[in-house]
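Shown below: coords07.csv, with CSV, C-alpha atoms.
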chain,number,residue,atom,x,y,z
I,1,MET,CA,48.2,11.6,-19.9
I,2,ASN,CA,49.2,13.6,-23.0
I,3,GLN,CA,50.7,10.5,-24.5
I,4,ARG,CA,47.5,8.5,-23.8
I,5,MET,CA,45.4,11.3,-25.4
I,6,GLY,CA,47.7,11.4,-28.4
I,7,LEU,CA,47.4,7.6,-28.9
I,8,ARG,CA,43.6,7.9,-28.5
I,9,GLU,CA,43.4,10.6,-31.1
I,10,SER,CA,45.7,8.7,-33.5
I,11,LYS,CA,43.5,5.6,-33.1
I,12,LYS,CA,40.4,7.6,-33.8
I,13,GLU,CA,42.0,9.1,-37.0
I,14,ARG,CA,43.0,5.7,-38.2
I,15,THR,CA,39.5,4.4,-37.7
I,16,ARG,CA,38.0,7.4,-39.5
I,17,GLU,CA,40.3,6.9,-42.4
I,18,THR,CA,39.7,3.2,-42.6
I,19,ILE,CA,35.9,3.7,-42.7
I,20,SER,CA,36.2,6.4,-45.3
I,21,ALA,CA,38.6,4.5,-47.5
I,22,THR,CA,36.5,1.4,-47.3
I,23,ALA,CA,33.4,3.3,-48.2
I,24,ILE,CA,35.0,5.0,-51.2
I,25,ARG,CA,36.4,1.7,-52.5
I,26,LEU,CA,32.9,0.2,-52.4
I,27,PHE,CA,31.3,3.3,-54.0
I,28,LEU,CA,33.8,3.3,-56.8
I,29,ALA,CA,33.2,-0.5,-57.4
I,30,LYS,CA,29.4,-0.5,-57.2
I,31,GLY,CA,28.2,3.1,-57.4
I,32,PHE,CA,27.3,5.4,-54.5
I,33,ASP,CA,23.6,4.7,-54.5
I,34,GLN,CA,24.1,0.9,-54.6
I,35,VAL,CA,26.1,0.6,-51.4
I,36,SER,CA,24.4,0.6,-48.0
I,37,ILE,CA,25.7,1.9,-44.7
I,38,THR,CA,25.3,-1.6,-43.3
I,39,GLU,CA,27.6,-3.0,-46.0
I,40,ILE,CA,30.2,-0.3,-45.4
I,41,ALA,CA,30.2,-0.9,-41.6
I,42,ALA,CA,30.6,-4.6,-42.1
I,43,ALA,CA,33.5,-4.2,-44.6
I,44,ALA,CA,35.2,-1.7,-42.3
I,45,GLU,CA,34.6,-4.0,-39.3
I,46,VAL,CA,32.8,-1.4,-37.2
I,47,SER,CA,29.3,-1.1,-36.0
I,48,ARG,CA,26.7,1.2,-37.7
I,49,ARG,CA,26.8,3.3,-34.5
I,50,THR,CA,30.5,3.8,-34.7
I,51,LEU,CA,30.3,4.7,-38.4
I,52,PHE,CA,27.7,7.4,-37.7
I,53,ALA,CA,29.8,8.7,-34.8
I,54,TYR,CA,32.5,9.6,-37.4
I,55,PHE,CA,30.3,10.3,-40.4
I,56,PRO,CA,26.7,11.6,-39.7
I,57,THR,CA,25.6,11.0,-43.3
I,58,LYS,CA,26.5,8.8,-46.2
I,59,GLU,CA,27.7,11.8,-48.2
I,60,ASP,CA,30.1,12.7,-45.5
I,61,LEU,CA,32.0,9.4,-46.1
I,62,VAL,CA,33.0,10.9,-49.4
I,63,LEU,CA,33.0,14.6,-49.0
I,64,HIS,CA,35.0,14.9,-45.7
I,65,ARG,CA,38.0,15.1,-48.0
I,66,PHE,CA,36.6,18.4,-49.4
I,67,ALA,CA,35.5,19.5,-46.0
I,68,ASP,CA,39.1,19.3,-44.8
I,69,HIS,CA,39.9,22.0,-47.3
I,70,GLU,CA,36.9,24.3,-47.0
I,71,SER,CA,38.8,26.9,-45.0
I,72,GLU,CA,42.0,26.6,-47.1
I,73,ALA,CA,41.5,29.9,-48.9
I,74,ALA,CA,41.0,31.7,-45.6
I,75,ARG,CA,44.1,30.2,-44.2
I,76,ILE,CA,46.1,31.3,-47.3
I,77,VAL,CA,44.9,34.9,-46.8
I,78,ARG,CA,45.7,34.9,-43.1
I,79,SER,CA,49.2,33.4,-43.5
I,80,ARG,CA,50.3,35.4,-46.6
I,81,PRO,CA,53.6,37.4,-46.4
I,82,VAL,CA,53.4,41.0,-45.3
I,83,GLY,CA,52.8,43.2,-48.3
I,84,LEU,CA,51.2,40.5,-50.4
I,85,ARG,CA,47.6,41.2,-51.4
I,86,PRO,CA,45.1,38.5,-50.6
I,87,LEU,CA,44.1,38.0,-54.2
I,88,ASP,CA,47.8,37.6,-55.2
I,89,ALA,CA,48.3,35.1,-52.4
I,90,LEU,CA,45.3,33.1,-53.6
I,91,ARG,CA,46.6,33.2,-57.2
I,92,GLU,CA,50.0,31.9,-56.1
I,93,ALA,CA,48.5,29.2,-54.0
I,94,LEU,CA,46.4,27.9,-56.9
I,95,LEU,CA,49.4,27.9,-59.3
I,96,ASP,CA,51.4,26.0,-56.7
I,97,ALA,CA,48.6,23.5,-56.3
I,98,LEU,CA,48.4,23.0,-60.1
I,99,ALA,CA,52.2,22.4,-60.2
I,100,ARG,CA,51.8,19.8,-57.5
I,101,ARG,CA,48.8,18.2,-59.2
I,102,ASP,CA,46.7,18.7,-56.2
I,103,PRO,CA,43.5,16.6,-56.7
I,104,ASN,CA,41.4,19.6,-55.6
I,105,THR,CA,42.5,21.4,-58.7
I,106,GLY,CA,41.1,18.7,-60.9
I,107,LEU,CA,44.5,18.3,-62.5
I,108,ASN,CA,45.4,14.9,-61.3
I,109,ASP,CA,45.2,12.0,-63.7
I,110,THR,CA,45.7,9.2,-61.2
I,111,PRO,CA,42.9,6.8,-62.1
I,112,GLU,CA,41.6,6.6,-58.6
I,113,VAL,CA,41.4,10.4,-58.3
I,114,VAL,CA,39.7,10.8,-61.7
I,115,ALA,CA,37.1,8.1,-60.7
I,116,PHE,CA,36.6,9.7,-57.3
I,117,LEU,CA,35.9,13.2,-58.8
I,118,THR,CA,33.7,11.7,-61.6
I,119,MET,CA,31.6,10.0,-58.9
I,120,VAL,CA,31.3,13.2,-56.8
I,121,PHE,CA,30.3,15.5,-59.8
I,122,GLY,CA,28.0,12.8,-61.2
I,123,THR,CA,26.1,11.9,-58.1
I,124,GLU,CA,23.3,14.4,-57.4
I,125,SER,CA,23.4,14.1,-53.6
I,126,LEU,CA,27.1,14.5,-53.5
I,127,ALA,CA,27.2,17.5,-55.8
I,128,ALA,CA,24.5,19.2,-53.7
I,129,ARG,CA,26.4,18.6,-50.5
I,130,LEU,CA,29.6,19.9,-52.1
I,131,THR,CA,27.7,23.2,-52.6
I,132,ARG,CA,27.3,23.5,-48.9
I,133,TYR,CA,31.0,23.1,-48.3
I,134,MET,CA,31.6,25.8,-50.9
I,135,SER,CA,29.2,28.1,-49.0
I,136,ARG,CA,31.2,27.5,-45.8
I,137,GLY,CA,34.4,28.2,-47.7
I,138,ILE,CA,32.9,31.5,-48.8
I,139,GLU,CA,32.0,32.4,-45.2
I,140,ALA,CA,35.5,31.7,-44.0
I,141,LEU,CA,37.2,33.6,-46.8
I,142,THR,CA,34.9,36.6,-46.3
I,143,GLU,CA,35.9,36.8,-42.6
I,144,ALA,CA,39.6,36.5,-43.5
I,145,LEU,CA,39.3,39.3,-46.0
I,146,ARG,CA,37.5,41.5,-43.6
I,147,GLU,CA,40.2,40.9,-41.0
I,148,ALA,CA,42.7,42.1,-43.7
I,149,GLY,CA,40.9,45.4,-43.9
I,150,THR,CA,38.6,44.8,-46.9
I,151,ASP,CA,35.2,46.5,-47.0
I,152,PRO,CA,32.6,44.0,-45.8
I,153,LEU,CA,30.6,44.0,-49.0
I,154,VAL,CA,33.7,43.8,-51.1
I,155,ALA,CA,34.9,40.9,-48.9
I,156,ARG,CA,31.7,39.0,-49.4
I,157,LEU,CA,31.6,39.5,-53.2
I,158,THR,CA,35.3,38.7,-53.6
I,159,ALA,CA,35.1,35.5,-51.5
I,160,SER,CA,32.1,34.3,-53.5
I,161,GLN,CA,33.8,34.9,-56.8
I,162,VAL,CA,37.1,33.3,-55.7
I,163,ILE,CA,35.5,30.1,-54.4
I,164,VAL,CA,33.3,29.7,-57.5
I,165,VAL,CA,36.2,30.4,-59.9
I,166,GLN,CA,38.4,27.8,-58.1
I,167,ARG,CA,35.6,25.2,-58.4
I,168,GLN,CA,34.9,26.0,-62.1
I,169,LEU,CA,38.6,25.8,-63.0
I,170,ALA,CA,38.8,22.4,-61.2
I,171,ASP,CA,35.7,21.2,-63.1
I,172,MET,CA,37.2,22.2,-66.4
I,173,ASN,CA,40.4,20.5,-65.7
I,174,HIS,CA,38.6,17.3,-64.7
I,175,VAL,CA,36.5,17.3,-67.8
I,176,CYS,CA,39.6,17.6,-70.0
I,177,LEU,CA,41.2,14.6,-68.1
I,178,THR,CA,38.1,12.5,-68.5
I,179,ALA,CA,38.2,13.3,-72.2
I,180,GLY,CA,41.6,11.7,-72.5
I,181,GLU,CA,44.1,14.5,-71.8
I,182,SER,CA,46.9,13.8,-69.4
I,183,ALA,CA,47.6,16.1,-66.5
I,184,ASP,CA,50.9,17.1,-68.1
I,185,GLU,CA,49.2,17.9,-71.4
I,186,ARG,CA,46.5,20.0,-69.6
I,187,TYR,CA,48.9,21.8,-67.3
I,188,PRO,CA,49.9,24.8,-69.6
I,189,GLU,CA,46.2,25.6,-70.3
I,190,ALA,CA,45.3,25.1,-66.7
I,191,VAL,CA,47.9,27.7,-65.7
I,192,ARG,CA,46.7,30.1,-68.5
I,193,ALA,CA,43.1,29.7,-67.3
I,194,ALA,CA,44.1,30.3,-63.7
I,195,HIS,CA,45.9,33.5,-64.6
I,196,LEU,CA,43.1,34.7,-66.8
I,197,ALA,CA,40.5,34.0,-64.1
I,198,PHE,CA,42.4,35.9,-61.5
I,199,ASP,CA,43.2,38.8,-63.9
I,200,LEU,CA,39.5,39.1,-64.5
I,201,LEU,CA,38.8,39.1,-60.8
I,202,ASP,CA,41.5,41.6,-60.1
I,203,HIS,CA,40.6,44.0,-62.9
I,204,GLY,CA,36.9,43.9,-62.1
I,205,LEU,CA,37.5,44.5,-58.4
I,206,ALA,CA,39.9,47.3,-59.2
I,207,ALA,CA,37.1,49.2,-61.0
I,208,ARG,CA,34.9,49.6,-57.9
I,209,ARG,CA,34.4,53.1,-56.6
I,210,THR,CA,35.6,52.8,-53.0
I,211,GLY,CA,38.6,54.0,-51.1
I,212,THR,CA,39.3,50.7,-49.5
I,213,GLU,CA,42.4,48.5,-50.1
I,214,ARG,CA,42.1,46.1,-53.1
I,215,PRO,CA,41.8,42.5,-52.0

Please rewrite the model in this file as structure tokens.
Amino acid sequence: MNQRMGLRESKKERTRETISATAIRLFLAKGFDQVSITEIAAAAEVSRRTLFAYFPTKEDLVLHRFADHESEAARIVRSRPVGLRPLDALREALLDALARRDPNTGLNDTPEVVAFLTMVFGTESLAARLTRYMSRGIEALTEALREAGTDPLVARLTASQVIVVQRQLADMNHVCLTAGESADERYPEAVRAAHLAFDLLDHGLAARRTGTERP
């Protein structure tokens, strides 16, 4: 039975990825607003009903790739080595992601990735939906920080600042790549900006007048 369930889940994941990949290909070729759900379903060889079972909205066809990462900061905090502060763990994770050219950092100059991010940031409905994913990321990180012993108010403020900083850094990297810089050319400045941003977060948070542990 477990094998059958595993095969069923694998098939569902393949279908989900096929639908999304087909949609993104059409969106990049024609524009997000110019492609209909009916066209996507036909190209992916599924019914509209099946498509909506996997992706409730048109925006979800694109942004599920961000949704898959919305709790990443919380996971980093929860899985950090003993003795490593949450903020330091988040800094190290960002530096590692930059070195790997993780698309979520904006520091990936693969043409398909650049085009994908340009579409997301340049389409009003997608940008608005992305804000919702950021909000859920803030909620998840807040909870993880509270579990780590951070004062509830400080946890909320820290999580909000971290998630916004990560998004802004990614946006700046993407803008530089669309202006003609390569990822390798941008990398030193991206690392400097990441360190500066986390230094500002750290020093600002260290100045608060509480007796709780620094994040």

Please produce, as a Markdown table, a per-residue contact table for range 95-156 of chain I versus range 23-35 of chain I (criterion: any atom at most 8 Å away, all atoms listed in the file considered), showing the nearest atom pair and its distance in Å to one decimal, sorted by chain then residue number.
| residue | atom | partner | partner_atom | distance |
| --- | --- | --- | --- | --- |
| I:Ala115 | CA | I:Leu28 | CA | 7.0 |
| I:Phe116 | CA | I:Leu28 | CA | 7.0 |
| I:Met119 | CA | I:Leu28 | CA | 7.4 |
| I:Thr123 | CA | I:Phe32 | CA | 7.5 |

#### Entry: Nearest to Ala67 in chain I, chosen from I:Ala144, I:Arg132, I:Glu185, I:Asn173, with only C-alpha atoms counted in the distances
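For Ala67 in chain I, the nearest of the candidates is I:Arg132.
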
Fewer than 4 positions away in the same chain doesn't count, so skip those; otherwise give me all residues within 9 Å of Pro152 in chain I, counting all atoms listed in the file, as a compact mmCIF listing (two decimals) with C-alpha atoms, keeping the file's coordinate frame.
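Below is the file result11.txt, written as the result:
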# COMPACT_ATOMS: atom_id res chain seq x y z
CA THR I 142 34.90 36.60 -46.30
CA GLU I 143 35.90 36.80 -42.60
CA LEU I 145 39.30 39.30 -46.00
CA ARG I 146 37.50 41.50 -43.60
CA ARG I 156 31.70 39.00 -49.40
CA LEU I 157 31.60 39.50 -53.20

### Task
Give as a PyMOL selection string every residue, naming chains and numbers as the document does, that has an atom within 12 Å of (30.5, -1.0, -40.2), counting all atoms listed in the file.
chain I and resi 15-16+18-20+22-23+36-55

### Query
So which one's closest to Val175 in chain I, I:Ile138, I:Ala21, I:Ala159, I:Val114? Using all atoms listed in the file, please.
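Of the candidates, the smallest distance to Val175 in chain I is held by I:Val114.
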
### Query
So how many Å separate CA of Glu112 in chain I and CA of Arg186 in chain I, to one decimal?
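These two atoms are separated by 18.0 Å.
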
#### Entry: Coordinates-based distance that separates CA of Gln168 in chain I from CA of Tyr187 in chain I (Å, one decimal)
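That distance, rounded to one decimal, is 15.5 Å.
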
Around all of range 190-195 of chain I's listed atoms, make the axis-aligned box with 6 Å on each side and tell me centre and edge lengths in Å to one decimal, as AutoDock Vina command-line options.
--center_x 45.5 --center_y 29.3 --center_z -66.1 --size_x 16.8 --size_y 20.4 --size_z 16.8

### Query
Of the residues I:Thr118, I:Leu200, I:Arg192, I:Ser135, which is the one nearest to His174 in chain I, using only C-alpha atoms?
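Result for the nearest residue to His174 in chain I: I:Thr118.
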
### Task
Between CA of Ala155 in chain I and CA of Ala73 in chain I, measure the distance and give it in Å to one decimal.
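Between CA of Ala155 in chain I and CA of Ala73 in chain I the gap works out to 12.8 Å.
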
### Query
Which of these, I:Leu177, I:Asp184, I:Lys58, I:Gly204, has the shortest distance to Pro111 in chain I once you count all atoms listed in the file?
I:Leu177

### Message
With distances taken over all atoms listed in the file, which residue among I:Arg101, I:Leu141, I:Ala183, I:Pro86 lies nearest Phe198 in chain I?
### Response
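For Phe198 in chain I, the nearest of the candidates is I:Pro86.
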
### Message
Nearest residue to Gly106 in chain I out of I:Arg129, I:Arg91, I:His69, I:Arg167, using all atoms listed in the file?
### Response
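Among the listed residues, I:Arg167 lies closest to Gly106 in chain I.
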
Using the atoms already present, construct all heavy atoms for range 63-74 of chain I and hand them back as a PDB file, in the frame of the given file.
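Dumped everything to rebuild_13.pdb:
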ATOM      1  N   LEU I  63      32.726  13.190 -48.843  1.00  0.00           N
ATOM      2  CA  LEU I  63      33.000  14.600 -49.000  1.00  0.00           C
ATOM      3  C   LEU I  63      33.827  15.190 -47.817  1.00  0.00           C
ATOM      4  O   LEU I  63      34.191  16.373 -47.865  1.00  0.00           O
ATOM      5  CB  LEU I  63      31.735  15.400 -49.155  1.00  0.00           C
ATOM      6  CG  LEU I  63      30.992  15.079 -50.461  1.00  0.00           C
ATOM      7  CD1 LEU I  63      29.720  15.901 -50.569  1.00  0.00           C
ATOM      8  CD2 LEU I  63      31.875  15.342 -51.674  1.00  0.00           C
ATOM      9  N   HIS I  64      34.135  14.395 -46.802  1.00  0.00           N
ATOM     10  CA  HIS I  64      35.000  14.900 -45.700  1.00  0.00           C
ATOM     11  C   HIS I  64      36.343  15.337 -46.309  1.00  0.00           C
ATOM     12  O   HIS I  64      37.023  16.204 -45.746  1.00  0.00           O
ATOM     13  CB  HIS I  64      35.146  13.927 -44.601  1.00  0.00           C
ATOM     14  CG  HIS I  64      36.139  12.846 -44.877  1.00  0.00           C
ATOM     15  ND1 HIS I  64      37.460  12.941 -44.508  1.00  0.00           N
ATOM     16  CD2 HIS I  64      36.002  11.638 -45.484  1.00  0.00           C
ATOM     17  CE1 HIS I  64      38.096  11.845 -44.870  1.00  0.00           C
ATOM     18  NE2 HIS I  64      37.246  11.036 -45.465  1.00  0.00           N
ATOM     19  N   ARG I  65      36.725  14.746 -47.429  1.00  0.00           N
ATOM     20  CA  ARG I  65      38.000  15.100 -48.000  1.00  0.00           C
ATOM     21  C   ARG I  65      37.954  16.524 -48.620  1.00  0.00           C
ATOM     22  O   ARG I  65      38.982  17.196 -48.706  1.00  0.00           O
ATOM     23  CB  ARG I  65      38.367  14.094 -49.124  1.00  0.00           C
ATOM     24  CG  ARG I  65      38.567  12.699 -48.551  1.00  0.00           C
ATOM     25  CD  ARG I  65      39.088  11.702 -49.534  1.00  0.00           C
ATOM     26  NE  ARG I  65      39.325  10.408 -48.894  1.00  0.00           N
ATOM     27  CZ  ARG I  65      39.894   9.367 -49.481  1.00  0.00           C
ATOM     28  NH1 ARG I  65      40.320   9.487 -50.732  1.00  0.00           N
ATOM     29  NH2 ARG I  65      40.065   8.238 -48.834  1.00  0.00           N
ATOM     30  N   PHE I  66      36.775  16.970 -49.013  1.00  0.00           N
ATOM     31  CA  PHE I  66      36.600  18.400 -49.400  1.00  0.00           C
ATOM     32  C   PHE I  66      36.449  19.242 -48.188  1.00  0.00           C
ATOM     33  O   PHE I  66      36.937  20.370 -48.158  1.00  0.00           O
ATOM     34  CB  PHE I  66      35.384  18.513 -50.319  1.00  0.00           C
ATOM     35  CG  PHE I  66      35.563  17.927 -51.690  1.00  0.00           C
ATOM     36  CD1 PHE I  66      35.139  16.637 -51.974  1.00  0.00           C
ATOM     37  CD2 PHE I  66      36.157  18.662 -52.703  1.00  0.00           C
ATOM     38  CE1 PHE I  66      35.296  16.092 -53.241  1.00  0.00           C
ATOM     39  CE2 PHE I  66      36.322  18.125 -53.980  1.00  0.00           C
ATOM     40  CZ  PHE I  66      35.898  16.842 -54.238  1.00  0.00           C
ATOM     41  N   ALA I  67      35.728  18.738 -47.187  1.00  0.00           N
ATOM     42  CA  ALA I  67      35.500  19.500 -46.000  1.00  0.00           C
ATOM     43  C   ALA I  67      36.806  19.895 -45.304  1.00  0.00           C
ATOM     44  O   ALA I  67      36.943  20.980 -44.721  1.00  0.00           O
ATOM     45  CB  ALA I  67      34.610  18.747 -45.006  1.00  0.00           C
ATOM     46  N   ASP I  68      37.783  19.004 -45.381  1.00  0.00           N
ATOM     47  CA  ASP I  68      39.100  19.300 -44.800  1.00  0.00           C
ATOM     48  C   ASP I  68      39.756  20.490 -45.419  1.00  0.00           C
ATOM     49  O   ASP I  68      40.687  21.067 -44.840  1.00  0.00           O
ATOM     50  CB  ASP I  68      40.001  18.060 -44.903  1.00  0.00           C
ATOM     51  CG  ASP I  68      39.539  16.893 -44.024  1.00  0.00           C
ATOM     52  OD1 ASP I  68      38.739  17.135 -43.105  1.00  0.00           O
ATOM     53  OD2 ASP I  68      39.975  15.758 -44.270  1.00  0.00           O
ATOM     54  N   HIS I  69      39.309  20.882 -46.624  1.00  0.00           N
ATOM     55  CA  HIS I  69      39.900  22.000 -47.300  1.00  0.00           C
ATOM     56  C   HIS I  69      39.036  23.222 -47.441  1.00  0.00           C
ATOM     57  O   HIS I  69      39.410  24.199 -48.085  1.00  0.00           O
ATOM     58  CB  HIS I  69      40.308  21.543 -48.772  1.00  0.00           C
ATOM     59  CG  HIS I  69      41.368  20.494 -48.816  1.00  0.00           C
ATOM     60  ND1 HIS I  69      42.712  20.797 -48.778  1.00  0.00           N
ATOM     61  CD2 HIS I  69      41.294  19.141 -48.870  1.00  0.00           C
ATOM     62  CE1 HIS I  69      43.427  19.666 -48.815  1.00  0.00           C
ATOM     63  NE2 HIS I  69      42.587  18.657 -48.878  1.00  0.00           N
ATOM     64  N   GLU I  70      37.870  23.188 -46.789  1.00  0.00           N
ATOM     65  CA  GLU I  70      36.900  24.300 -47.000  1.00  0.00           C
ATOM     66  C   GLU I  70      37.389  25.622 -46.507  1.00  0.00           C
ATOM     67  O   GLU I  70      36.946  26.661 -46.983  1.00  0.00           O
ATOM     68  CB  GLU I  70      35.549  23.924 -46.402  1.00  0.00           C
ATOM     69  CG  GLU I  70      35.540  23.858 -44.890  1.00  0.00           C
ATOM     70  CD  GLU I  70      34.181  23.443 -44.352  1.00  0.00           C
ATOM     71  OE1 GLU I  70      33.427  22.760 -45.069  1.00  0.00           O
ATOM     72  OE2 GLU I  70      33.872  23.797 -43.211  1.00  0.00           O
ATOM     73  N   SER I  71      38.305  25.625 -45.526  1.00  0.00           N
ATOM     74  CA  SER I  71      38.800  26.900 -45.000  1.00  0.00           C
ATOM     75  C   SER I  71      40.219  27.215 -45.537  1.00  0.00           C
ATOM     76  O   SER I  71      40.893  28.117 -45.032  1.00  0.00           O
ATOM     77  CB  SER I  71      38.861  26.850 -43.461  1.00  0.00           C
ATOM     78  OG  SER I  71      37.570  26.670 -42.940  1.00  0.00           O
ATOM     79  N   GLU I  72      40.640  26.482 -46.570  1.00  0.00           N
ATOM     80  CA  GLU I  72      42.000  26.600 -47.100  1.00  0.00           C
ATOM     81  C   GLU I  72      42.248  28.049 -47.622  1.00  0.00           C
ATOM     82  O   GLU I  72      43.292  28.653 -47.378  1.00  0.00           O
ATOM     83  CB  GLU I  72      42.288  25.607 -48.155  1.00  0.00           C
ATOM     84  CG  GLU I  72      43.727  25.627 -48.643  1.00  0.00           C
ATOM     85  CD  GLU I  72      44.050  24.472 -49.563  1.00  0.00           C
ATOM     86  OE1 GLU I  72      43.150  23.667 -49.861  1.00  0.00           O
ATOM     87  OE2 GLU I  72      45.213  24.379 -49.980  1.00  0.00           O
ATOM     88  N   ALA I  73      41.282  28.585 -48.364  1.00  0.00           N
ATOM     89  CA  ALA I  73      41.500  29.900 -48.900  1.00  0.00           C
ATOM     90  C   ALA I  73      41.624  30.959 -47.808  1.00  0.00           C
ATOM     91  O   ALA I  73      42.456  31.867 -47.896  1.00  0.00           O
ATOM     92  CB  ALA I  73      40.288  30.289 -49.819  1.00  0.00           C
ATOM     93  N   ALA I  74      40.837  30.801 -46.741  1.00  0.00           N
ATOM     94  CA  ALA I  74      41.000  31.700 -45.600  1.00  0.00           C
ATOM     95  C   ALA I  74      42.315  31.596 -44.938  1.00  0.00           C
ATOM     96  O   ALA I  74      42.930  32.603 -44.554  1.00  0.00           O
ATOM     97  CB  ALA I  74      39.840  31.436 -44.590  1.00  0.00           C
TER      98      ALA I  74
END
